[in-house]
Number of protein chains: 2
Amino acid sequence: MIIKILGSAAGGGFPQWNCNCRNCADVRRGVTGLEPRTQSSLAVSIDGRNWTLLNASPDLRQQIAATPELNPASLDPPRSSPIKSVVLTNADVDHVAGLLNLRENQPLFLYADRRVLSALAQNVIFNVLDEEYVARVPIQRDRMFEPAGCPGLGIEAFAVPGKVALYLEDEKAGSDFGTAEGDTIGLKLIDLRTGRFACYVPGCAAVDDALIRRMTGAAVILFDGTLYSDDEMILLGLSQKTGRRMGHISMSGPDGSVAALARLQADRRIFTHINNSNPVLRKSSPEREWVESAGWEVACDGMEVIV
Amino acid sequence: MIIKILGSAAGGGFPQWNCNCRNCADVRRGVTGLEPRTQSSLAVSIDGRNWTLLNASPDLRQQIAATPELNPASLDPPRSSPIKSVVLTNADVDHVAGLLNLRENQPLFLYADRRVLSALAQNVIFNVLDEEYVARVPIQRDRMFEPAGCPGLGIEAFAVPGKVALYLEDEKAGSDFGTAEGDTIGLKLIDLRTGRFACYVPGCAAVDDALIRRMTGAAVILFDGTLYSDDEMILLGLSQKTGRRMGHISMSGPDGSVAALARLQADRRIFTHINNSNPVLRKSSPEREWVESAGWEVACDGMEVIV
C-alpha cells in the first residue's frame with residue numbers, strides 16, 4: 001500500500017494567509033529549517049494506478065498538479081482521472097472544500113459519515129458534484145468497505161473523540177456545541193493482499209482506550225499533530241482558543257498524544273495536520289527534537305509512506 | 001492604479017485535474033509555449049499597500065502565497081493582511097470558493113450583488129467567514145462605491161448578459177435556467193485621483209450596446225476569454241455544451257468579442273478567464289496570432305497592469 005501525503009498542514013496551511021507569527025513570517029522569507037505546507041489531504045493506492053483521496057483540502061488542485069500519479073496518463077481519454085473515490089473524516093473546511101475542485105462531470109464515489117454527508121447537503125454549492133456522476137455513500141462505522149475503483153484496498157471507519165465542524169457549531173447546545181458520534185472519524189487503511197494496515201486520525205480531541213484498541217497492530221499511524229501545547233495559539237496572540245476548544249489533543253504533556261500513544265508498537269508514527277503555530281515545524285527546535293526522540297516523524301508535503 | 005492578475009484561467013484552471021486534451025497534456029509535460037494558469041482572480045490597489053480582491057478563486061491560497069504584496073509585512077501584527085475587501089462578479093465556483101481561504105477571523109468587507117449574496121447565504125459553509133469580522137455588503141448597480149480600506153479606489157458595477165451559476169440552474173425555468181439581472185456583473189475600476197478607469201468583465205454572454213457604452217473611455221479592458229470558438233469543447237470531446245450554453249461569448253466569429261469590441265479605443269485589451277480548451281493558450285498558434293494582431297493580449301498569472 002502506498003500513502004502519499006498531499007498536504008500536511010492544518011486549516012489555513014503554512015504559511016496562513018493572514019498569519020504573521022514567527023513560523024509563518026520565517027517560512028515566507030525562506031529561513032532554513034522551515035518548509036511551506038498545504039492543507040490536510042492524503043492519497044492511498046494499492047496498485048499505484050488507482051487512488052482514493054482521504055479528505056479533500058482547499059489546496060487540492062495544487063496538490064494534484066504536484067503529484068504526477070494523480071494526473072491523467074498520456075494515452076488516457078480526453079477526460080479521465082486516476083482518482084476514483086474520496087473518503088472524508090469530518091466536515092471541516094480544510095477537509096471538504098477541495099471537493100469543489102473535483103467538479104467537471106468526472107465519475108467518483110464520495111464516502112463519509114451520514115453526519116458529514118448531511119453537512120454537505122446543507123450547501124447547494126456542492127451540487128457542482130452532479131449526482132449523475134458523483135455517488136455520495138454513507139459509511140457504516142466499524143464495518144470494512146472497499147472504495148470503488150481501488151482494488152485491494154479496504155477501509156474501516158471508527159468514531160473518534162472530536163468536535164462538530166466550526167461552521168456547524170451550535171452555541172446553545174452546551175459545551176460540545178452539538179457534536180455527535182460520526183462528526184469525527186478515524187480510518188483503518190487495509191492492504192487486503194497482506195492484511196497490513198495503517199491508521200489515519202487527522203482530528204482527535206482525546207485518546208481513550210477504545211482508540212488505543214483500534215490502533216493496536218497498525219504498521220503505520222498518521223495522527224493529529226495540530227498543536228504542540230494546548231495554549232500555544234493564545235500565547236502567540238493568534239487566537240483565544242485552546243486546542244481542547246478546537247477539538248484537538250496536543251502532542252506534549254501528560255495527556256498529550258506522545259504519552260497516550262507510547263504503548264503502541266507501530267513501525268512508523270507520523271504527525272500530520274500540523275498547525276502553523278506548532279514549534280515542531282522548525283527543524284532545529286527542541287520541540288521537534290523531543291517528538292523525534294519519542295519515535296515520531298513530522299509529515300511534510302509529498303512524503304510517501306509504504307505500508 | 002495597479003491591477004495584478006492572480007489567476008487567468010477559467011473554472012478548472014490550466015491544466016484541469018481531469019482533462020487530457022492536447023493543451024492540458026502538453027502543459028503538464030512542459031511543452032514550450034504553454035504555461036500553467038490558476039483560476040480567475042484579480043487584485044487591485046491604488047497605493048500598493050491596501051488591496052481589493054476581484055473574485056476569490058479556489059486557488060486563492062496559492063495565489064496569495066505567490067504575490068508578496070498580498071502577505072503581511074514583517075512589522076505587521078500577528079494576524080493581519082493587506083487584503084481589505086473582496087468584490088464578486090458572480091456566484092460561480094471559480095469566483096467564490098476562494099472565500100473559504102479568507103477565514104480565520106480577519107476583518108474584511110465582501111461586496112456582491114444581492115443575487116450573489118443570496119447564493120452564498122444558501123451555503124452554511126461560508127459561515128466560516130464570521131459575520132463579526134466579515135461584512136457582506138450588497139452592491140447597488142450603476143452607483144460608484146469606495147471599497148473599505150482601499151483609499152483612492154472607486155468601483156461601479158453594471159449588469160452584463162450572463163447566466164446564473166451552474167449549481168443554481170433551474171431546469172424548469174426555461175432556456176435561461178432562472179437567470180436574473182445581477183447574476184453577472186462587470187466592474188468599472190476607477191482611480192479617483194486621475195479619473196482613469198479599467199473595465200473588468202470576466203463573464204459575458206453577449207456584447208450589447210449598453211455594454212459598449214459602459215466600456216467606452218476605459219484605459220484598460222479585461223474581458224471574458226473563456227473560449228475561442230463556440231463549439232470548441234464539443235469538437236475536442238470534452239463537453240456537450242457550447243459557449244452560449246455556458247454563458248460565455250467566444251473570441252472569434254462575427255458575433256465574437258474581438259469583432260464586437262473593435263470600435264472601443266482602449267490602451268490595452270486583455271483576455272482573461274481563459275478555458276483550458278482555448279487554442280490561444282498556445283503561444284505559437286494561429287488563433288493566438290490572430291487575437292494579438294487584433295490588438296488583444298492574453299493574460300497570464302502574475303501579470304501586472306498599470307492603469
# chains A, B, ... in the order shown; residues from 1 in each chain; ligands from 1
>>> residues_around(residues="range 175-187 of chain A", least_positions_apart="5", cutoff="6 Å", atoms="only C-alpha atoms", output="ChimeraX atom specification")
/A:89-90,113,115,156-160,162-164,169-170,199-201
>>> residues_around(residues="Ser80 in chain B", least_positions_apart="5", cutoff="9 Å", atoms="only C-alpha atoms", output="list of chain:residue names")
A:Trp17, A:Asn18, A:Cys19, A:Asn20, B:Asn71, B:Pro72, B:Ala73, B:Gln106, B:Pro107
>>> residues_around(residues="Arg268 in chain A", least_positions_apart="2", cutoff="10 Å", atoms="only C-alpha atoms", output="JSON, numbers by chain")
{"A": [198, 218, 219, 220, 221, 222, 265, 266, 270, 295, 296, 297, 305, 307]}
>>> residues_around(residues="Asp209 in chain B", least_positions_apart="4", cutoff="12 Å", atoms="only C-alpha atoms", output="NGL selection string")
:B and (160-161 or 213-216 or 260-261 or 263-264)
>>> write_last_selection(atoms="all heavy atoms", output="PDB file, in the first residue's frame")
ATOM      1  N   VAL B 160     -24.404  42.635 -16.828  1.00  0.00           N
ATOM      2  CA  VAL B 160     -23.819  42.103 -18.054  1.00  0.00           C
ATOM      3  C   VAL B 160     -24.655  40.897 -18.471  1.00  0.00           C
ATOM      4  O   VAL B 160     -25.080  40.131 -17.606  1.00  0.00           O
ATOM      5  CB  VAL B 160     -22.348  41.684 -17.798  1.00  0.00           C
ATOM      6  CG1 VAL B 160     -21.786  40.888 -18.955  1.00  0.00           C
ATOM      7  CG2 VAL B 160     -21.473  42.892 -17.511  1.00  0.00           C
ATOM      8  N   PRO B 161     -24.908  40.706 -19.773  1.00  0.00           N
ATOM      9  CA  PRO B 161     -25.625  39.490 -20.195  1.00  0.00           C
ATOM     10  C   PRO B 161     -24.855  38.261 -19.722  1.00  0.00           C
ATOM     11  O   PRO B 161     -23.649  38.156 -19.964  1.00  0.00           O
ATOM     12  CB  PRO B 161     -25.620  39.585 -21.725  1.00  0.00           C
ATOM     13  CG  PRO B 161     -25.439  41.045 -22.033  1.00  0.00           C
ATOM     14  CD  PRO B 161     -24.580  41.581 -20.920  1.00  0.00           C
ATOM     15  N   ARG B 213     -21.359  51.043 -24.387  1.00  0.00           N
ATOM     16  CA  ARG B 213     -21.379  52.391 -23.783  1.00  0.00           C
ATOM     17  C   ARG B 213     -20.626  52.394 -22.456  1.00  0.00           C
ATOM     18  O   ARG B 213     -19.858  53.296 -22.153  1.00  0.00           O
ATOM     19  CB  ARG B 213     -22.828  52.857 -23.568  1.00  0.00           C
ATOM     20  CG  ARG B 213     -23.469  53.463 -24.814  1.00  0.00           C
ATOM     21  CD  ARG B 213     -24.739  54.245 -24.473  1.00  0.00           C
ATOM     22  NE  ARG B 213     -25.753  53.419 -23.814  1.00  0.00           N
ATOM     23  CZ  ARG B 213     -26.658  52.675 -24.462  1.00  0.00           C
ATOM     24  NH1 ARG B 213     -26.671  52.634 -25.787  1.00  0.00           N
ATOM     25  NH2 ARG B 213     -27.540  51.964 -23.782  1.00  0.00           N
ATOM     26  N   ARG B 214     -20.849  51.359 -21.649  1.00  0.00           N
ATOM     27  CA  ARG B 214     -20.190  51.227 -20.352  1.00  0.00           C
ATOM     28  C   ARG B 214     -18.680  51.278 -20.465  1.00  0.00           C
ATOM     29  O   ARG B 214     -17.986  51.844 -19.632  1.00  0.00           O
ATOM     30  CB  ARG B 214     -20.538  49.854 -19.750  1.00  0.00           C
ATOM     31  CG  ARG B 214     -21.822  49.852 -19.024  1.00  0.00           C
ATOM     32  CD  ARG B 214     -21.659  50.720 -17.851  1.00  0.00           C
ATOM     33  NE  ARG B 214     -22.889  50.781 -17.104  1.00  0.00           N
ATOM     34  CZ  ARG B 214     -23.032  51.533 -16.040  1.00  0.00           C
ATOM     35  NH1 ARG B 214     -22.032  52.284 -15.621  1.00  0.00           N
ATOM     36  NH2 ARG B 214     -24.165  51.558 -15.398  1.00  0.00           N
ATOM     37  N   MET B 215     -18.163  50.596 -21.492  1.00  0.00           N
ATOM     38  CA  MET B 215     -16.709  50.404 -21.567  1.00  0.00           C
ATOM     39  C   MET B 215     -16.022  51.512 -22.363  1.00  0.00           C
ATOM     40  O   MET B 215     -14.794  51.577 -22.401  1.00  0.00           O
ATOM     41  CB  MET B 215     -16.407  49.031 -22.152  1.00  0.00           C
ATOM     42  CG  MET B 215     -17.001  47.906 -21.282  1.00  0.00           C
ATOM     43  SD  MET B 215     -16.136  46.342 -21.447  1.00  0.00           S
ATOM     44  CE  MET B 215     -16.716  45.845 -23.021  1.00  0.00           C
ATOM     45  N   THR B 216     -16.833  52.366 -22.980  1.00  0.00           N
ATOM     46  CA  THR B 216     -16.242  53.459 -23.754  1.00  0.00           C
ATOM     47  C   THR B 216     -15.454  54.389 -22.819  1.00  0.00           C
ATOM     48  O   THR B 216     -15.949  54.801 -21.778  1.00  0.00           O
ATOM     49  CB  THR B 216     -17.357  54.252 -24.480  1.00  0.00           C
ATOM     50  OG1 THR B 216     -18.029  53.357 -25.366  1.00  0.00           O
ATOM     51  CG2 THR B 216     -16.787  55.419 -25.264  1.00  0.00           C
ATOM     52  N   ALA B 260     -16.927  42.461 -31.761  1.00  0.00           N
ATOM     53  CA  ALA B 260     -17.899  43.321 -31.080  1.00  0.00           C
ATOM     54  C   ALA B 260     -17.238  44.490 -30.355  1.00  0.00           C
ATOM     55  O   ALA B 260     -17.839  45.550 -30.186  1.00  0.00           O
ATOM     56  CB  ALA B 260     -18.721  42.488 -30.095  1.00  0.00           C
ATOM     57  N   LEU B 261     -15.988  44.297 -29.915  1.00  0.00           N
ATOM     58  CA  LEU B 261     -15.335  45.345 -29.134  1.00  0.00           C
ATOM     59  C   LEU B 261     -14.318  46.135 -29.957  1.00  0.00           C
ATOM     60  O   LEU B 261     -13.580  46.966 -29.412  1.00  0.00           O
ATOM     61  CB  LEU B 261     -14.656  44.731 -27.900  1.00  0.00           C
ATOM     62  CG  LEU B 261     -15.600  43.966 -26.941  1.00  0.00           C
ATOM     63  CD1 LEU B 261     -14.811  43.319 -25.817  1.00  0.00           C
ATOM     64  CD2 LEU B 261     -16.659  44.901 -26.361  1.00  0.00           C
ATOM     65  N   ARG B 263     -14.523  48.576 -31.926  1.00  0.00           N
ATOM     66  CA  ARG B 263     -14.617  50.045 -32.014  1.00  0.00           C
ATOM     67  C   ARG B 263     -14.222  50.769 -30.721  1.00  0.00           C
ATOM     68  O   ARG B 263     -14.166  51.997 -30.682  1.00  0.00           O
ATOM     69  CB  ARG B 263     -16.020  50.454 -32.460  1.00  0.00           C
ATOM     70  CG  ARG B 263     -17.132  49.955 -31.563  1.00  0.00           C
ATOM     71  CD  ARG B 263     -18.499  50.384 -32.146  1.00  0.00           C
ATOM     72  NE  ARG B 263     -19.540  49.434 -31.803  1.00  0.00           N
ATOM     73  CZ  ARG B 263     -20.746  49.795 -31.354  1.00  0.00           C
ATOM     74  NH1 ARG B 263     -21.053  51.065 -31.187  1.00  0.00           N
ATOM     75  NH2 ARG B 263     -21.643  48.881 -31.074  1.00  0.00           N
ATOM     76  N   LEU B 264     -13.971  50.017 -29.647  1.00  0.00           N
ATOM     77  CA  LEU B 264     -13.517  50.677 -28.407  1.00  0.00           C
ATOM     78  C   LEU B 264     -12.071  51.126 -28.548  1.00  0.00           C
ATOM     79  O   LEU B 264     -11.245  50.434 -29.149  1.00  0.00           O
ATOM     80  CB  LEU B 264     -13.653  49.719 -27.215  1.00  0.00           C
ATOM     81  CG  LEU B 264     -15.074  49.391 -26.772  1.00  0.00           C
ATOM     82  CD1 LEU B 264     -15.032  48.379 -25.631  1.00  0.00           C
ATOM     83  CD2 LEU B 264     -15.819  50.644 -26.339  1.00  0.00           C
TER      84      LEU B 264
END
>>> interface_residues(of="chain A", to="chain B", cutoff="7 Å", atoms="only C-alpha atoms", output="list of chain:residue names")
A:Trp17, A:Asn18, A:Cys19, A:Asn20, A:Cys21, A:Ala25, A:Arg61, A:Ile64, A:Asn71, A:Pro72, A:Ser74, A:Pro77, A:Pro78, A:Arg79, A:Ser80, A:Ser81, A:Gln122, A:Asn123, A:Val124, A:Ile125, A:Asn127, A:Val128, A:Tyr167, A:Gly237, A:Leu238
>>> write_last_selection(atoms="C-alpha atoms", output="PDB file, in the first residue's frame")
ATOM      1  CA  TRP A  17      -2.715  33.958   4.534  1.00  0.00           C
ATOM      2  CA  ASN A  18      -3.251  36.369   7.443  1.00  0.00           C
ATOM      3  CA  CYS A  19      -0.745  34.997   9.971  1.00  0.00           C
ATOM      4  CA  ASN A  20       2.456  36.793  10.862  1.00  0.00           C
ATOM      5  CA  CYS A  21       3.596  34.566  13.745  1.00  0.00           C
ATOM      6  CA  ALA A  25       6.993  35.077   8.819  1.00  0.00           C
ATOM      7  CA  ARG A  61      -5.862  21.461  -7.228  1.00  0.00           C
ATOM      8  CA  ILE A  64      -2.906  17.117  -7.684  1.00  0.00           C
ATOM      9  CA  ASN A  71      -2.952  13.131 -13.267  1.00  0.00           C
ATOM     10  CA  PRO A  72      -4.269  11.520 -16.464  1.00  0.00           C
ATOM     11  CA  SER A  74      -0.694  10.333 -21.884  1.00  0.00           C
ATOM     12  CA  PRO A  77      -9.166   9.608 -22.839  1.00  0.00           C
ATOM     13  CA  PRO A  78      -9.841  13.385 -23.057  1.00  0.00           C
ATOM     14  CA  ARG A  79     -11.494  13.366 -19.643  1.00  0.00           C
ATOM     15  CA  SER A  80     -10.157  10.928 -17.036  1.00  0.00           C
ATOM     16  CA  SER A  81      -8.506  10.718 -13.640  1.00  0.00           C
ATOM     17  CA  GLN A 122     -26.780  21.922   3.571  1.00  0.00           C
ATOM     18  CA  ASN A 123     -24.616  23.588   0.930  1.00  0.00           C
ATOM     19  CA  VAL A 124     -26.056  23.819  -2.552  1.00  0.00           C
ATOM     20  CA  ILE A 125     -22.603  24.731  -3.920  1.00  0.00           C
ATOM     21  CA  ASN A 127     -24.171  20.299  -6.306  1.00  0.00           C
ATOM     22  CA  VAL A 128     -21.386  21.065  -8.801  1.00  0.00           C
ATOM     23  CA  TYR A 167     -19.446  26.401  10.784  1.00  0.00           C
ATOM     24  CA  GLY A 237      -1.551  36.121  20.353  1.00  0.00           C
ATOM     25  CA  LEU A 238      -3.180  34.306  17.415  1.00  0.00           C
TER      26      LEU A 238
END
>>> residues_around(residues="Glu232 in chain B", least_positions_apart="3", cutoff="12 Å", atoms="only C-alpha atoms", output="ChimeraX atom specification")
/B:21,226-229,235-244,250-252,275-279
>>> write_last_selection(atoms="C-alpha atoms", output="PDB file, in the first residue's frame")
ATOM      1  CA  CYS B  21      -6.960  17.499 -24.041  1.00  0.00           C
ATOM      2  CA  THR B 226     -13.181  31.628 -21.991  1.00  0.00           C
ATOM      3  CA  LEU B 227     -13.490  30.177 -25.494  1.00  0.00           C
ATOM      4  CA  TYR B 228     -12.058  30.901 -28.909  1.00  0.00           C
ATOM      5  CA  SER B 229     -14.998  29.344 -30.739  1.00  0.00           C
ATOM      6  CA  LEU B 235     -15.211  19.271 -31.028  1.00  0.00           C
ATOM      7  CA  LEU B 236     -12.486  18.274 -28.542  1.00  0.00           C
ATOM      8  CA  GLY B 237     -14.800  15.705 -26.920  1.00  0.00           C
ATOM      9  CA  LEU B 238     -14.678  17.496 -23.548  1.00  0.00           C
ATOM     10  CA  SER B 239     -18.274  18.545 -23.066  1.00  0.00           C
ATOM     11  CA  GLN B 240     -21.647  18.696 -24.771  1.00  0.00           C
ATOM     12  CA  LYS B 241     -22.033  22.383 -24.076  1.00  0.00           C
ATOM     13  CA  THR B 242     -21.483  25.350 -26.348  1.00  0.00           C
ATOM     14  CA  GLY B 243     -20.070  28.597 -25.004  1.00  0.00           C
ATOM     15  CA  ARG B 244     -23.521  30.127 -25.399  1.00  0.00           C
ATOM     16  CA  SER B 250     -16.418  33.456 -27.971  1.00  0.00           C
ATOM     17  CA  MET B 251     -13.422  35.453 -29.163  1.00  0.00           C
ATOM     18  CA  SER B 252     -13.819  34.665 -32.872  1.00  0.00           C
ATOM     19  CA  ASN B 275     -10.574  27.956 -20.592  1.00  0.00           C
ATOM     20  CA  ASN B 276      -8.093  25.075 -20.899  1.00  0.00           C
ATOM     21  CA  SER B 277      -9.594  24.199 -24.308  1.00  0.00           C
ATOM     22  CA  ASN B 278      -8.781  27.616 -25.806  1.00  0.00           C
ATOM     23  CA  PRO B 279      -6.137  27.447 -28.584  1.00  0.00           C
TER      24      PRO B 279
END
>>> closest_residue(among="B:Met303, B:Val207, B:Ala56, B:Leu153", to="Arg193 in chain B", atoms="only C-alpha atoms")
B:Leu153
>>> atom_distance(atom1="CA of His248 in chain A", atom2="CA of Gly154 in chain A")
26.7 Å
>>> select_by_dssp(residues="range 148-243 of chain A", states="strand (DSSP E or B)", output="number ranges by chain")
A: 153-159, 185-191, 197-201, 220-224, 227
>>> write_last_selection(atoms="N, CA, C and O atoms", output="mmCIF file, in the first residue's frame")
data_model
loop_
_atom_site.group_PDB
_atom_site.id
_atom_site.type_symbol
_atom_site.label_atom_id
_atom_site.label_comp_id
_atom_site.auth_asym_id
_atom_site.auth_seq_id
_atom_site.Cartn_x
_atom_site.Cartn_y
_atom_site.Cartn_z
ATOM 1 N N LEU A 153 -7.861 -2.423 -1.734
ATOM 2 C CA LEU A 153 -7.869 -1.520 -0.584
ATOM 3 C C LEU A 153 -9.146 -1.713 0.241
ATOM 4 O O LEU A 153 -10.249 -1.702 -0.296
ATOM 5 N N GLY A 154 -8.986 -1.920 1.546
ATOM 6 C CA GLY A 154 -10.118 -1.964 2.460
ATOM 7 C C GLY A 154 -10.048 -0.788 3.424
ATOM 8 O O GLY A 154 -8.962 -0.383 3.833
ATOM 9 N N ILE A 155 -11.193 -0.241 3.766
ATOM 10 C CA ILE A 155 -11.228 0.886 4.707
ATOM 11 C C ILE A 155 -12.278 0.611 5.763
ATOM 12 O O ILE A 155 -13.380 0.158 5.462
ATOM 13 N N GLU A 156 -11.906 0.863 7.009
ATOM 14 C CA GLU A 156 -12.875 0.728 8.095
ATOM 15 C C GLU A 156 -12.850 2.013 8.920
ATOM 16 O O GLU A 156 -11.782 2.467 9.342
ATOM 17 N N ALA A 157 -14.015 2.605 9.097
ATOM 18 C CA ALA A 157 -14.109 3.871 9.838
ATOM 19 C C ALA A 157 -14.483 3.600 11.284
ATOM 20 O O ALA A 157 -15.230 2.668 11.579
ATOM 21 N N PHE A 158 -13.950 4.404 12.178
ATOM 22 C CA PHE A 158 -14.321 4.282 13.586
ATOM 23 C C PHE A 158 -14.478 5.673 14.201
ATOM 24 O O PHE A 158 -13.820 6.628 13.776
ATOM 25 N N ALA A 159 -15.366 5.768 15.182
ATOM 26 C CA ALA A 159 -15.618 7.055 15.838
ATOM 27 C C ALA A 159 -14.401 7.471 16.654
ATOM 28 O O ALA A 159 -13.705 6.641 17.239
ATOM 29 N N ILE A 185 -14.265 10.943 12.415
ATOM 30 C CA ILE A 185 -13.924 9.524 12.363
ATOM 31 C C ILE A 185 -12.433 9.352 12.071
ATOM 32 O O ILE A 185 -11.763 10.265 11.590
ATOM 33 N N GLY A 186 -11.937 8.179 12.438
ATOM 34 C CA GLY A 186 -10.615 7.758 12.019
ATOM 35 C C GLY A 186 -10.779 6.664 10.978
ATOM 36 O O GLY A 186 -11.863 6.073 10.841
ATOM 37 N N LEU A 187 -9.721 6.382 10.231
ATOM 38 C CA LEU A 187 -9.804 5.366 9.180
ATOM 39 C C LEU A 187 -8.688 4.337 9.338
ATOM 40 O O LEU A 187 -7.522 4.691 9.518
ATOM 41 N N LYS A 188 -9.085 3.086 9.278
ATOM 42 C CA LYS A 188 -8.133 1.994 9.177
ATOM 43 C C LYS A 188 -7.985 1.687 7.689
ATOM 44 O O LYS A 188 -8.984 1.449 7.001
ATOM 45 N N LEU A 189 -6.762 1.741 7.180
ATOM 46 C CA LEU A 189 -6.497 1.525 5.750
ATOM 47 C C LEU A 189 -5.807 0.183 5.613
ATOM 48 O O LEU A 189 -4.692 0.004 6.104
ATOM 49 N N ILE A 190 -6.481 -0.748 4.952
ATOM 50 C CA ILE A 190 -6.008 -2.136 4.955
ATOM 51 C C ILE A 190 -5.575 -2.577 3.558
ATOM 52 O O ILE A 190 -6.327 -2.417 2.586
ATOM 53 N N ASP A 191 -4.369 -3.118 3.473
ATOM 54 C CA ASP A 191 -3.939 -3.774 2.235
ATOM 55 C C ASP A 191 -4.512 -5.195 2.274
ATOM 56 O O ASP A 191 -4.057 -6.046 3.051
ATOM 57 N N PHE A 197 -2.009 -2.910 7.929
ATOM 58 C CA PHE A 197 -2.867 -1.720 7.898
ATOM 59 C C PHE A 197 -2.204 -0.512 8.549
ATOM 60 O O PHE A 197 -1.277 -0.628 9.349
ATOM 61 N N ALA A 198 -2.709 0.657 8.120
ATOM 62 C CA ALA A 198 -2.330 1.936 8.715
ATOM 63 C C ALA A 198 -3.569 2.553 9.351
ATOM 64 O O ALA A 198 -4.695 2.218 8.966
ATOM 65 N N CYS A 199 -3.372 3.417 10.343
ATOM 66 C CA CYS A 199 -4.490 4.175 10.909
ATOM 67 C C CYS A 199 -4.284 5.657 10.650
ATOM 68 O O CYS A 199 -3.190 6.186 10.859
ATOM 69 N N TYR A 200 -5.341 6.309 10.180
ATOM 70 C CA TYR A 200 -5.288 7.737 9.834
ATOM 71 C C TYR A 200 -6.309 8.479 10.695
ATOM 72 O O TYR A 200 -7.521 8.241 10.577
ATOM 73 N N VAL A 201 -5.808 9.308 11.596
ATOM 74 C CA VAL A 201 -6.659 10.034 12.547
ATOM 75 C C VAL A 201 -6.219 11.508 12.550
ATOM 76 O O VAL A 201 -5.466 11.941 13.429
ATOM 77 N N VAL A 220 1.533 1.551 10.526
ATOM 78 C CA VAL A 220 1.805 2.992 10.446
ATOM 79 C C VAL A 220 0.650 3.750 11.093
ATOM 80 O O VAL A 220 -0.513 3.402 10.883
ATOM 81 N N ILE A 221 0.997 4.776 11.868
ATOM 82 C CA ILE A 221 -0.023 5.653 12.448
ATOM 83 C C ILE A 221 0.192 7.064 11.925
ATOM 84 O O ILE A 221 1.293 7.612 12.011
ATOM 85 N N LEU A 222 -0.851 7.625 11.344
ATOM 86 C CA LEU A 222 -0.834 9.030 10.889
ATOM 87 C C LEU A 222 -1.804 9.766 11.798
ATOM 88 O O LEU A 222 -3.011 9.508 11.757
ATOM 89 N N PHE A 223 -1.289 10.684 12.605
ATOM 90 C CA PHE A 223 -2.102 11.179 13.714
ATOM 91 C C PHE A 223 -2.126 12.708 13.769
ATOM 92 O O PHE A 223 -1.184 13.394 13.350
ATOM 93 N N ASP A 224 -3.209 13.217 14.348
ATOM 94 C CA ASP A 224 -3.453 14.644 14.585
ATOM 95 C C ASP A 224 -2.255 15.335 15.247
ATOM 96 O O ASP A 224 -1.977 15.120 16.423
ATOM 97 N N LEU A 227 -1.418 20.815 17.360
ATOM 98 C CA LEU A 227 -0.719 21.691 18.311
ATOM 99 C C LEU A 227 0.332 20.920 19.104
ATOM 100 O O LEU A 227 0.184 19.722 19.362
#
>>> residues_around(residues="Asn55 in chain A", least_positions_apart="5", cutoff="7 Å", atoms="only C-alpha atoms", output="ChimeraX atom specification")
/A:41-42,86-89,95-96
>>> write_last_selection(atoms="C-alpha atoms", output="PDB file, in the first residue's frame")
ATOM      1  CA  SER A  41      -5.123  15.556   2.423  1.00  0.00           C
ATOM      2  CA  LEU A  42      -3.759  12.079   1.670  1.00  0.00           C
ATOM      3  CA  VAL A  86     -12.789  10.183  -1.806  1.00  0.00           C
ATOM      4  CA  VAL A  87     -13.281   9.458   1.894  1.00  0.00           C
ATOM      5  CA  LEU A  88     -13.915  12.272   4.374  1.00  0.00           C
ATOM      6  CA  THR A  89     -13.111  12.127   8.102  1.00  0.00           C
ATOM      7  CA  HIS A  95     -11.170  18.560   4.635  1.00  0.00           C
ATOM      8  CA  VAL A  96     -14.164  19.231   2.359  1.00  0.00           C
TER       9      VAL A  96
END
